[in-house]
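This is work32.cif (mmCIF, C-alpha atoms and all ligand atoms).
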```
data_query
loop_
_atom_site.label_atom_id
_atom_site.label_comp_id
_atom_site.auth_asym_id
_atom_site.auth_seq_id
_atom_site.Cartn_x
_atom_site.Cartn_y
_atom_site.Cartn_z
CA MET A 1 -22.54 -8.22 17.70
CA LYS A 2 -19.86 -8.61 20.36
CA LEU A 3 -16.80 -10.73 19.63
CA LEU A 4 -14.31 -11.59 22.35
CA LEU A 5 -10.84 -12.87 21.48
CA SER A 6 -9.60 -14.60 24.60
CA ASN A 7 -6.35 -16.23 25.78
CA ILE A 8 -4.36 -14.35 23.14
CA LYS A 9 -0.73 -15.43 23.51
CA GLU A 10 0.41 -11.90 22.59
CA LEU A 11 -1.64 -8.91 21.42
CA LEU A 12 0.56 -6.78 19.14
CA GLN A 13 0.69 -3.08 18.33
CA ILE A 14 -1.43 -1.82 21.24
CA ARG A 15 -1.44 1.96 21.34
CA GLU A 16 -3.11 4.34 23.76
CA GLY A 17 -4.27 7.73 22.53
CA ASN A 18 -3.84 9.08 19.06
CA VAL A 19 -0.43 8.03 17.73
CA GLN A 20 -0.32 9.08 14.05
CA LYS A 21 3.04 7.60 13.01
CA ILE A 22 6.24 6.20 14.47
CA ASN A 23 9.62 7.71 13.64
CA GLY A 24 13.21 6.44 13.50
CA ALA A 25 14.45 4.75 16.68
CA ASP A 26 10.91 4.55 18.12
CA MET A 27 10.12 1.97 15.47
CA LYS A 28 12.33 -0.53 17.33
CA HIS A 29 9.57 -0.76 19.91
CA LEU A 30 6.38 -2.74 19.28
CA PRO A 31 4.03 -2.40 22.27
CA THR A 32 2.39 -5.74 23.15
CA LEU A 33 0.41 -7.43 25.88
CA LYS A 34 0.89 -11.11 26.70
CA ASN A 35 -1.99 -13.40 27.75
CA ALA A 36 -4.59 -10.88 26.66
CA TRP A 37 -8.21 -10.47 25.60
CA LEU A 38 -9.65 -8.17 22.94
CA LEU A 39 -13.31 -7.16 22.66
CA LEU A 40 -14.81 -6.07 19.33
CA GLU A 41 -18.35 -4.82 18.83
CA SER A 42 -19.59 -4.67 15.23
CA ASP A 43 -16.98 -2.50 13.45
CA THR A 44 -15.15 -1.15 16.51
CA ILE A 45 -12.40 -2.16 18.95
CA ILE A 46 -14.07 -1.72 22.34
CA ASP A 47 -11.40 -2.73 24.85
CA PHE A 48 -8.52 -5.06 25.64
CA GLY A 49 -6.58 -6.13 28.69
CA PRO A 50 -4.77 -8.94 30.52
CA MET A 51 -6.69 -12.25 30.93
CA ASP A 52 -7.17 -11.77 34.68
CA THR A 53 -9.50 -8.86 33.80
CA CYS A 54 -11.39 -10.72 31.04
CA PRO A 55 -15.02 -9.53 30.87
CA GLU A 56 -18.12 -11.75 31.21
CA THR A 57 -18.90 -13.63 28.02
CA GLU A 58 -22.70 -13.84 28.18
CA GLY A 59 -24.17 -12.87 24.83
CA THR A 60 -20.70 -12.60 23.35
CA THR A 61 -19.16 -14.83 20.69
CA VAL A 62 -15.79 -16.04 21.94
CA ILE A 63 -12.79 -17.05 19.86
CA ASP A 64 -10.14 -18.87 21.86
CA CYS A 65 -6.73 -17.62 20.69
CA SER A 66 -4.55 -19.89 22.83
CA GLY A 67 -1.01 -20.00 21.42
CA LYS A 68 -1.87 -17.38 18.80
CA MET A 69 -0.90 -13.77 18.14
CA VAL A 70 -3.43 -11.05 17.35
CA LEU A 71 -2.40 -7.92 15.48
CA PRO A 72 -4.06 -5.15 13.44
CA THR A 73 -4.61 -6.03 9.77
CA TRP A 74 -1.99 -4.81 7.32
CA CYS A 75 -2.37 -1.34 5.82
CA ASP A 76 -1.22 -1.56 2.21
CA SER A 77 -0.80 2.08 1.20
CA HIS A 78 0.40 1.51 -2.38
CA THR A 79 -1.25 -0.80 -4.92
CA HIS A 80 -2.40 -0.89 -8.52
CA ILE A 81 -4.75 -3.88 -8.08
CA VAL A 82 -7.25 -2.67 -10.67
CA TYR A 83 -5.64 -3.90 -13.88
CA ALA A 84 -6.47 -6.11 -16.83
CA GLY A 85 -4.64 -9.30 -17.71
CA ASN A 86 -1.03 -9.95 -16.83
CA ARG A 87 2.49 -9.46 -18.17
CA GLU A 88 4.08 -12.85 -17.68
CA GLN A 89 5.69 -12.64 -21.15
CA GLU A 90 7.73 -9.62 -20.00
CA PHE A 91 8.73 -11.61 -16.93
CA VAL A 92 10.16 -14.27 -19.22
CA ASP A 93 11.80 -11.58 -21.40
CA ARG A 94 13.54 -10.22 -18.31
CA ILE A 95 14.75 -13.68 -17.35
CA ASN A 96 16.22 -13.86 -20.84
CA GLY A 97 18.13 -10.64 -20.32
CA LEU A 98 15.94 -7.67 -21.27
CA GLY A 99 15.77 -4.78 -18.78
CA TYR A 100 12.53 -3.45 -17.23
CA GLN A 101 13.09 -0.07 -18.89
CA GLU A 102 14.15 -1.64 -22.20
CA ILE A 103 10.84 -3.52 -22.30
CA ALA A 104 8.98 -0.27 -21.60
CA GLU A 105 10.86 1.48 -24.44
CA LYS A 106 9.70 -1.27 -26.84
CA GLY A 107 6.03 -0.47 -26.01
CA GLY A 108 5.75 -3.09 -23.27
CA GLY A 109 5.44 -2.14 -19.62
CA ILE A 110 2.76 0.31 -18.52
CA LEU A 111 1.63 0.94 -22.11
CA ASN A 112 1.06 -2.79 -22.60
CA SER A 113 -1.18 -2.87 -19.51
CA ALA A 114 -2.97 0.30 -20.67
CA LYS A 115 -3.81 -1.27 -24.02
CA LYS A 116 -5.24 -4.35 -22.30
CA LEU A 117 -7.23 -2.24 -19.84
CA GLN A 118 -8.70 0.02 -22.52
CA GLU A 119 -10.00 -3.11 -24.30
CA THR A 120 -11.50 -4.61 -21.14
CA SER A 121 -15.08 -3.85 -20.07
CA GLU A 122 -15.75 -2.28 -16.69
CA SER A 123 -17.51 -5.41 -15.43
CA GLU A 124 -14.69 -7.71 -16.53
CA LEU A 125 -12.15 -5.35 -14.95
CA TYR A 126 -14.19 -5.44 -11.75
CA GLN A 127 -14.23 -9.26 -11.73
CA GLN A 128 -10.47 -9.53 -12.19
CA SER A 129 -9.76 -6.89 -9.56
CA ALA A 130 -12.23 -8.29 -7.02
CA GLN A 131 -10.44 -11.63 -7.19
CA ARG A 132 -7.15 -9.90 -6.27
CA LEU A 133 -8.81 -7.97 -3.47
CA GLU A 134 -10.31 -11.14 -2.01
CA GLU A 135 -6.90 -12.78 -2.15
CA VAL A 136 -5.15 -9.98 -0.25
CA MET A 137 -7.93 -9.72 2.33
CA ALA A 138 -7.42 -13.40 3.12
CA LEU A 139 -3.71 -12.57 3.52
CA GLY A 140 -4.54 -10.01 6.21
CA THR A 141 -4.87 -6.69 4.38
CA GLY A 142 -7.65 -4.64 5.98
CA ALA A 143 -7.02 -1.25 4.35
CA ILE A 144 -5.74 -0.67 0.84
CA GLU A 145 -4.91 2.18 -1.49
CA ILE A 146 -5.71 1.62 -5.17
CA LYS A 147 -4.30 3.71 -8.03
CA SER A 148 -5.46 4.39 -11.57
CA GLY A 149 -2.74 4.82 -14.18
CA TYR A 150 -3.28 1.90 -16.56
CA GLY A 151 -6.00 3.78 -18.45
CA LEU A 152 -4.12 6.77 -19.85
CA THR A 153 -7.27 8.08 -21.55
CA THR A 154 -9.91 10.04 -19.68
CA GLU A 155 -12.46 7.28 -20.20
CA ALA A 156 -10.17 4.44 -19.11
CA GLU A 157 -8.79 6.30 -16.08
CA ILE A 158 -12.36 6.99 -14.93
CA LYS A 159 -13.24 3.32 -15.54
CA MET A 160 -10.38 2.20 -13.27
CA LEU A 161 -11.39 4.54 -10.47
CA ARG A 162 -15.06 3.55 -10.73
CA VAL A 163 -14.05 -0.07 -10.34
CA ALA A 164 -11.95 0.82 -7.27
CA LYS A 165 -14.92 2.70 -5.78
CA GLN A 166 -17.21 -0.25 -6.49
CA LEU A 167 -14.79 -2.57 -4.69
CA ALA A 168 -14.86 -0.19 -1.72
CA GLU A 169 -18.64 -0.44 -1.63
CA ASN A 170 -18.84 -4.20 -1.94
CA TYR A 171 -16.10 -5.31 0.47
CA PRO A 172 -15.48 -4.58 4.16
CA VAL A 173 -11.89 -3.50 3.50
CA THR A 174 -11.24 0.27 3.71
CA VAL A 175 -10.19 1.64 0.32
CA LYS A 176 -8.45 4.90 -0.61
CA THR A 177 -8.14 5.82 -4.28
CA THR A 178 -5.44 7.66 -6.19
CA PHE A 179 -5.49 9.28 -9.61
CA LEU A 180 -2.26 8.35 -11.44
CA GLY A 181 -3.00 9.60 -14.96
CA ALA A 182 0.65 10.67 -15.20
CA HIS A 183 1.95 7.10 -15.00
CA ALA A 184 3.42 6.98 -18.53
CA VAL A 185 3.20 8.99 -21.73
CA PRO A 186 0.83 7.20 -24.15
CA SER A 187 2.35 6.45 -27.58
CA GLU A 188 0.00 8.94 -29.32
CA TYR A 189 1.71 11.65 -27.26
CA LYS A 190 5.22 10.23 -27.61
CA ASN A 191 6.64 13.46 -29.01
CA ASN A 192 4.26 15.75 -27.18
CA LYS A 193 4.32 14.97 -23.48
CA ASP A 194 3.05 18.45 -22.64
CA ALA A 195 -0.14 17.86 -24.59
CA TYR A 196 -0.72 14.71 -22.53
CA LEU A 197 -0.12 16.68 -19.35
CA ASP A 198 -2.67 19.23 -20.59
CA LEU A 199 -5.16 16.37 -20.83
CA VAL A 200 -4.23 15.09 -17.36
CA CYS A 201 -4.46 18.53 -15.72
CA ASP A 202 -7.26 20.19 -17.66
CA GLU A 203 -9.59 17.29 -18.37
CA MET A 204 -8.86 14.21 -16.27
CA ILE A 205 -8.27 15.85 -12.88
CA PRO A 206 -11.40 18.05 -13.03
CA LYS A 207 -13.49 15.02 -14.08
CA VAL A 208 -12.06 12.75 -11.40
CA ALA A 209 -12.73 15.45 -8.80
CA GLU A 210 -16.22 16.16 -10.09
CA GLU A 211 -17.18 12.49 -9.76
CA ASN A 212 -15.39 12.31 -6.39
CA LEU A 213 -13.37 9.33 -7.57
CA ALA A 214 -10.01 9.95 -5.87
CA ASP A 215 -8.46 11.02 -2.57
CA TYR A 216 -4.92 11.43 -3.92
CA VAL A 217 -3.00 12.50 -7.00
CA ASP A 218 0.16 10.63 -8.00
CA ILE A 219 2.81 10.82 -10.76
CA PHE A 220 5.69 8.57 -11.83
CA CYS A 221 8.58 11.02 -11.39
CA GLU A 222 11.37 9.13 -13.19
CA ASP A 223 13.78 9.37 -16.08
CA GLY A 224 11.88 8.49 -19.26
CA TYR A 225 8.52 9.16 -17.60
CA PHE A 226 7.90 12.52 -15.89
CA SER A 227 10.28 15.25 -14.71
CA VAL A 228 10.39 17.31 -11.53
CA ALA A 229 8.75 20.19 -13.43
CA ASP A 230 5.97 17.83 -14.63
CA THR A 231 5.55 16.66 -11.05
CA ASP A 232 5.16 20.24 -9.90
CA ARG A 233 2.55 20.84 -12.56
CA VAL A 234 0.44 17.73 -11.89
CA LEU A 235 0.55 18.01 -8.10
CA THR A 236 -0.38 21.70 -8.31
CA ALA A 237 -3.32 20.86 -10.58
CA GLY A 238 -4.43 18.01 -8.31
CA LYS A 239 -4.27 20.13 -5.17
CA LYS A 240 -6.44 22.79 -6.84
CA TYR A 241 -9.14 20.10 -6.94
CA GLY A 242 -8.59 18.87 -3.40
CA LEU A 243 -6.43 15.83 -4.26
CA ILE A 244 -3.57 15.21 -1.83
CA PRO A 245 -0.18 14.40 -3.43
CA LYS A 246 1.58 11.01 -3.21
CA ILE A 247 4.37 10.25 -5.66
CA HIS A 248 6.32 7.43 -7.29
CA VAL A 249 9.89 8.63 -7.05
CA ASN A 250 13.54 7.49 -6.99
CA GLN A 251 12.83 3.99 -8.32
CA PHE A 252 15.82 4.16 -10.67
CA LYS A 253 17.23 7.67 -10.43
CA ALA A 254 17.39 10.44 -7.84
CA PHE A 255 17.07 13.93 -9.32
CA GLY A 256 15.17 16.06 -6.85
CA GLY A 257 11.71 14.47 -6.99
CA VAL A 258 11.64 13.75 -3.26
CA ALA A 259 12.19 17.44 -2.39
CA GLU A 260 9.49 18.35 -4.91
CA GLY A 261 7.07 15.98 -3.18
CA VAL A 262 7.93 17.43 0.21
CA LYS A 263 7.51 20.95 -1.19
CA HIS A 264 3.95 19.94 -2.09
CA ASN A 265 3.44 18.42 1.36
CA ALA A 266 2.98 14.97 -0.20
CA LEU A 267 1.46 12.44 2.17
CA SER A 268 3.99 9.88 0.97
CA VAL A 269 6.95 9.43 -1.37
CA ASP A 270 7.09 5.85 -2.60
CA HIS A 271 9.79 3.50 -3.99
CA LEU A 272 13.07 5.25 -2.96
CA GLU A 273 15.26 2.36 -4.12
CA VAL A 274 17.88 5.06 -4.64
CA ILE A 275 18.13 7.85 -2.12
CA THR A 276 20.57 10.72 -1.64
CA GLN A 277 21.57 12.80 1.39
CA GLU A 278 19.55 15.67 -0.15
CA ASP A 279 16.47 13.44 -0.26
CA ILE A 280 16.91 12.48 3.40
CA ALA A 281 17.44 16.12 4.37
CA ALA A 282 14.30 17.14 2.47
CA LEU A 283 12.25 14.55 4.37
CA GLN A 284 13.55 15.56 7.79
CA GLY A 285 11.08 17.84 9.54
CA SER A 286 8.38 17.14 6.94
CA ASN A 287 5.03 15.33 7.31
CA THR A 288 5.80 13.11 4.33
CA MET A 289 6.02 9.34 4.84
CA PRO A 290 8.76 7.45 2.95
CA VAL A 291 7.30 4.17 1.62
CA ALA A 292 9.40 1.14 0.66
CA LEU A 293 8.12 -1.55 -1.71
CA PRO A 294 10.46 -4.50 -1.16
CA SER A 295 8.55 -7.04 -3.26
CA CYS A 296 9.07 -4.73 -6.27
CA SER A 297 12.84 -4.86 -5.61
CA TYR A 298 12.60 -8.63 -5.22
CA PHE A 299 10.70 -9.17 -8.45
CA LEU A 300 12.74 -6.77 -10.62
CA GLY A 301 16.09 -7.55 -9.00
CA ILE A 302 16.75 -3.87 -8.28
CA PRO A 303 18.22 -2.43 -5.06
CA TYR A 304 16.13 -2.46 -1.89
CA THR A 305 15.16 0.88 -0.35
CA PRO A 306 17.85 1.63 2.24
CA GLY A 307 15.45 1.39 5.16
CA ARG A 308 18.16 1.40 7.83
CA GLU A 309 19.57 4.66 6.52
CA ILE A 310 16.08 6.20 6.53
CA LEU A 311 15.40 5.08 10.12
CA GLU A 312 18.84 6.12 11.33
CA ALA A 313 18.11 9.61 9.99
CA GLY A 314 15.17 9.70 12.43
CA LEU A 315 12.58 9.34 9.68
CA PRO A 316 9.52 7.08 9.74
CA LEU A 317 9.09 4.31 7.16
CA ALA A 318 6.05 2.50 5.78
CA LEU A 319 5.95 -0.76 3.82
CA ALA A 320 3.52 -1.55 1.01
CA THR A 321 3.18 -4.13 -1.77
CA ASP A 322 2.92 -2.08 -5.00
CA TYR A 323 0.73 -4.95 -6.30
CA ASN A 324 0.70 -4.41 -10.10
CA PRO A 325 1.12 -6.50 -13.28
CA GLY A 326 4.60 -5.24 -14.22
CA SER A 327 6.93 -4.75 -11.29
CA THR A 328 5.13 -6.60 -8.46
CA PRO A 329 2.49 -9.17 -9.31
CA SER A 330 1.96 -9.95 -5.64
CA GLY A 331 -0.13 -8.33 -2.91
CA ASN A 332 1.13 -10.36 0.00
CA MET A 333 1.94 -8.03 2.91
CA ASN A 334 3.29 -10.97 4.94
CA PHE A 335 5.93 -11.46 2.27
CA VAL A 336 6.63 -7.70 2.28
CA VAL A 337 7.21 -7.75 6.06
CA ALA A 338 9.46 -10.80 5.80
CA THR A 339 11.43 -9.34 2.88
CA ALA A 340 11.89 -6.05 4.74
CA CYS A 341 13.46 -8.04 7.57
CA ILE A 342 15.53 -10.35 5.39
CA LYS A 343 16.73 -7.90 2.73
CA MET A 344 16.41 -4.44 4.29
CA LYS A 345 17.54 -5.57 7.74
CA LEU A 346 14.52 -4.18 9.53
CA THR A 347 13.77 -5.88 12.82
CA PRO A 348 10.37 -7.61 13.11
CA GLU A 349 9.23 -4.73 15.36
CA GLU A 350 10.25 -2.13 12.76
CA ALA A 351 8.68 -4.06 9.90
CA ILE A 352 5.38 -4.60 11.73
CA ASN A 353 5.24 -0.91 12.71
CA ALA A 354 5.94 0.02 9.08
CA ALA A 355 3.22 -2.28 7.71
CA THR A 356 0.50 -1.27 10.18
CA LEU A 357 0.46 2.20 11.77
CA ASN A 358 2.88 3.88 9.35
CA GLY A 359 1.03 2.29 6.43
CA ALA A 360 -2.21 3.71 7.83
CA TYR A 361 -0.57 7.15 7.99
CA ALA A 362 0.52 6.87 4.35
CA MET A 363 -3.14 6.63 3.35
CA GLY A 364 -4.58 9.06 5.84
CA LEU A 365 -6.04 6.36 8.08
CA SER A 366 -4.07 6.72 11.32
CA ASP A 367 -7.21 7.77 13.17
CA SER A 368 -9.03 4.53 12.40
CA HIS A 369 -6.51 1.84 11.43
CA GLY A 370 -3.02 0.49 12.06
CA SER A 371 -3.12 -0.29 15.78
CA ILE A 372 -5.07 -2.01 18.52
CA THR A 373 -6.57 1.13 20.03
CA ARG A 374 -9.95 1.58 21.69
CA GLY A 375 -12.37 3.13 19.19
CA LYS A 376 -10.41 2.11 16.10
CA ASN A 377 -11.76 -0.12 13.34
CA ALA A 378 -12.25 -3.79 14.26
CA SER A 379 -9.79 -5.24 11.75
CA VAL A 380 -7.40 -7.85 13.10
CA ILE A 381 -5.33 -10.86 12.11
CA ILE A 382 -5.34 -13.96 14.30
CA THR A 383 -2.25 -16.03 13.55
CA LYS A 384 -1.85 -19.79 13.76
CA GLU A 385 -0.06 -21.02 16.86
CA VAL A 386 3.43 -19.50 16.70
CA PRO A 387 6.32 -19.37 19.17
CA SER A 388 6.78 -15.57 18.90
CA TYR A 389 5.93 -12.70 16.54
CA GLY A 390 9.45 -12.87 15.11
CA TYR A 391 8.40 -16.25 13.74
CA LEU A 392 6.03 -14.51 11.28
CA PRO A 393 8.77 -12.99 9.04
CA TYR A 394 11.11 -15.91 9.85
CA ALA A 395 8.70 -18.44 8.34
CA PHE A 396 8.59 -16.32 5.18
CA GLY A 397 7.17 -18.88 2.80
CA SER A 398 4.43 -20.19 5.06
CA ASN A 399 1.00 -18.75 5.60
CA MET A 400 0.82 -18.21 9.36
CA ILE A 401 -2.66 -16.64 9.30
CA ASP A 402 -5.52 -18.48 10.97
CA THR A 403 -8.35 -15.91 10.79
CA VAL A 404 -8.80 -12.42 9.38
CA ILE A 405 -11.46 -10.07 10.72
CA ILE A 406 -12.07 -6.91 8.67
CA ASN A 407 -14.44 -4.19 9.83
CA GLY A 408 -15.85 -6.68 12.33
CA GLN A 409 -16.51 -9.35 9.68
CA LYS A 410 -14.80 -12.70 9.63
CA ILE A 411 -13.28 -13.23 6.17
O1 LIG B 1 5.06 1.31 -8.94
N1 LIG B 1 6.94 2.41 -11.23
C1 LIG B 1 5.87 2.72 -11.69
N2 LIG B 1 4.73 2.06 -11.67
C2 LIG B 1 4.53 0.76 -11.14
C3 LIG B 1 4.82 -0.33 -12.10
C4 LIG B 1 4.34 -0.11 -13.44
C5 LIG B 1 4.35 -1.30 -14.35
O2 LIG B 1 5.41 -1.85 -14.68
O3 LIG B 1 3.25 -1.69 -14.75
C6 LIG B 1 5.36 0.60 -9.87
O4 LIG B 1 6.31 -0.19 -9.81
FE FE B 2 3.48 1.72 -7.82
#
```
Starting from the file, give its structure as structure tokens.
Amino acid sequence: MKLLLSNIKELLQIREGNVQKINGADMKHLPTLKNAWLLLESDTIIDFGPMDTCPETEGTTVIDCSGKMVLPTWCDSHTHIVYAGNREQEFVDRINGLGYQEIAEKGGGILNSAKKLQETSESELYQQSAQRLEEVMALGTGAIEIKSGYGLTTEAEIKMLRVAKQLAENYPVTVKTTFLGAHAVPSEYKNNKDAYLDLVCDEMIPKVAEENLADYVDIFCEDGYFSVADTDRVLTAGKKYGLIPKIHVNQFKAFGGVAEGVKHNALSVDHLEVITQEDIAALQGSNTMPVALPSCSYFLGIPYTPGREILEAGLPLALATDYNPGSTPSGNMNFVVATACIKMKLTPEEAINAATLNGAYAMGLSDSHGSITRGKNASVIITKEVPSYGYLPYAFGSNMIDTVIINGQKI
């Protein structure tokens, strides 16, 4: 089926050729076309151009986009949307003065979510997760990465990844999956972290690979969770089974995890609320994408990733939600883009680049997603009537989305 979007006020993020990611100062530029048309056929972007070259519309469904912007759907490269229940009690505990890490030390946090998930059936877990996925699709997310890491037993980790794979089959959104068995040390292994890592490396990773359940391997490299040496071990084990590294690092402390990720040619290093000159130097000249998660900073009240510093060092930057029950119970990429502008001082151009093409890169999807490019996947957002694209992050609390098309399907 052919779908023509006509009279588009401004078509955003148009790219010719095969641009994989956008670095540093180049992120200031968002290529656009005013008064444009865009032609989609089934799941593919066929062509676009200025209205005076608009093709014939016979046999084509037309959507009039007068006054509206059209842009590629968001690429959310970091989520944990497969989880069971919620942690609103910890939210209240934090309001009353407890710290995020203090709560974790008392058996709350990730271990609390793991307990809930282990007790939840696969079908119930699917139902809860599908509801979240539907919500974020309606908010304009067309490609999403989903992590395990709330199972912490072989059985429960596999259950999480099966649910993620089932979501990928049943929805038009493009899904990438990540094995995050090394998310926290389960209480049974409290005094024997190495034995848990044996389980992760010798049992979980081979099983996950055998069932082809994950694209990536991840670890929470952080004080009180896993060390740089543990990171080395888990990423090495994952790579042996074809899993590409992506890590949680520098959320609270910087102690060399970024360089370790780069050493393993990680596709992305995520969080980076604290970052040192050594971390920046390690990233320079690498293929690793730094990923900021500003709604995590917002929710926990922790520092924002110094995005300006990262861009001024000539590095690229991607933005993602981190949607999870503990640190970010929100999967709204529009809010992420707005918060990156408001709190990290990214310009709208930089934030949109970070949430589309650079997000696609951070989940290995630059060839098919993240820009309006002929031959790429037909996944676009049509906004409501807006004065300019800067209005999107400006109107941060309003939903400015009119229509979402994912893989050629109207949501
Ligand atoms: O990315 N930081 C590690 N993991 C998740 C949150 C875990 C949780 O609190 O449930 C994150 O923020
Ligand atoms: Fe995360």
message: Need the shell around Met333 in chain A: protein/DNA/RNA residues with any atom at most 12 Å away, counting only C-alpha atoms. Skip same-chain ones fewer than 6 positions apart. Format as a VMD selection string?
response: chain A and resid 73 to 79 135 to 144 293 to 295 318 to 323 339 to 340 351 to 352 354 to 356 359 392 to 393 396 399 401
- prompt: For Arg308 in chain A, which of A:Tyr361, A:Asp194, A:Lys28, A:Asn7 is the closest residue, counting only C-alpha atoms?
  reply: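 Using only C-alpha atoms, Arg308 in chain A sits closest to A:Lys28.
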Dump as CSV the rows for residues of chain A within 7 Å of ligand LIG 1 (chain B): closest atom pair and distance in Å with one decimal, all atoms listed in the file counted, ordered by chain and rising residue number.
```
residue,atom,partner,partner_atom,distance
A:Gly109,CA,B:LIG1,O2,4.9
A:Ile110,CA,B:LIG1,O3,4.3
A:Ser113,CA,B:LIG1,O3,6.6
A:His183,CA,B:LIG1,N2,6.6
A:Phe220,CA,B:LIG1,C1,5.9
A:His248,CA,B:LIG1,N1,6.4
A:Gln251,CA,B:LIG1,N1,6.8
A:Cys296,CA,B:LIG1,O4,6.4
A:Asp322,CA,B:LIG1,O1,5.6
A:Asn324,CA,B:LIG1,O3,6.0
A:Pro325,CA,B:LIG1,O3,5.5
A:Gly326,CA,B:LIG1,O2,3.5
A:Ser327,CA,B:LIG1,O2,4.7
A:Thr328,CA,B:LIG1,O4,6.7
```
query: Nearest to ligand FE 2 (chain B): which of A:Glu119, A:Asp230, A:Glu145, A:Asp402 is it, counting only C-alpha atoms and all ligand atoms?
result: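 That would be A:Glu145, the residue with the smallest distance to ligand FE 2 (chain B).
Of the listed residues A:Leu311, A:Leu199, A:Ala184, A:Ile247, the one whose atoms come nearest to ligand FE 2 (chain B) is A:Ile247, with distances taken using all atoms listed in the file.
Atom pair CA of Leu125 in chain A / CA of Ala84 in chain A: separated by 6.0 Å.
Considering the residues A:Asn170, A:Asn250, A:Thr32, A:Ser187 and counting only C-alpha atoms and all ligand atoms, ligand FE 2 (chain B) has its shortest atom-to-atom contact with A:Asn250.
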message: Which residues are close to range 156-162 of chain A, i.e. within 12 Å by only C-alpha atoms, leaving aside same-chain residues fewer than 5 positions away? Reply as a PyMOL selection string.
response: chain A and resi 80-84+113-126+128-129+145-151+167-169+175-183+199-200+203-216
message: What does the structure give for the distance between CA of Gly370 in chain A and CA of Thr383 in chain A, in Å to one decimal?
response: 16.6 Å
field: Given all atoms listed in the file as the counted atoms, nearest of A:Thr403, A:Thr53, A:Ser297, A:Thr276 to ligand FE 2 (chain B)
entry: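 Closest residue, counting all atoms listed in the file: A:Ser297.
The shortest atom-to-atom distance to Gly59 in chain A, with all atoms listed in the file taken into account, belongs to A:Met1 out of A:Leu235, A:Met1, A:Leu11, A:Ala378.
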message: One decimal, in Å: what's the spacing between CA of Thr153 in chain A and CA of Phe91 in chain A?
response: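 Atom-to-atom, CA of Thr153 in chain A to CA of Phe91 in chain A, that is 25.8 Å.
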- request: Find the residues near Val228 in chain A: any atom within 8 Å, counting all atoms listed in the file, skip ones fewer than 2 places away on the same chain, and give them as number ranges by chain.
  value: A: 221, 226, 230-232, 255-257, 260
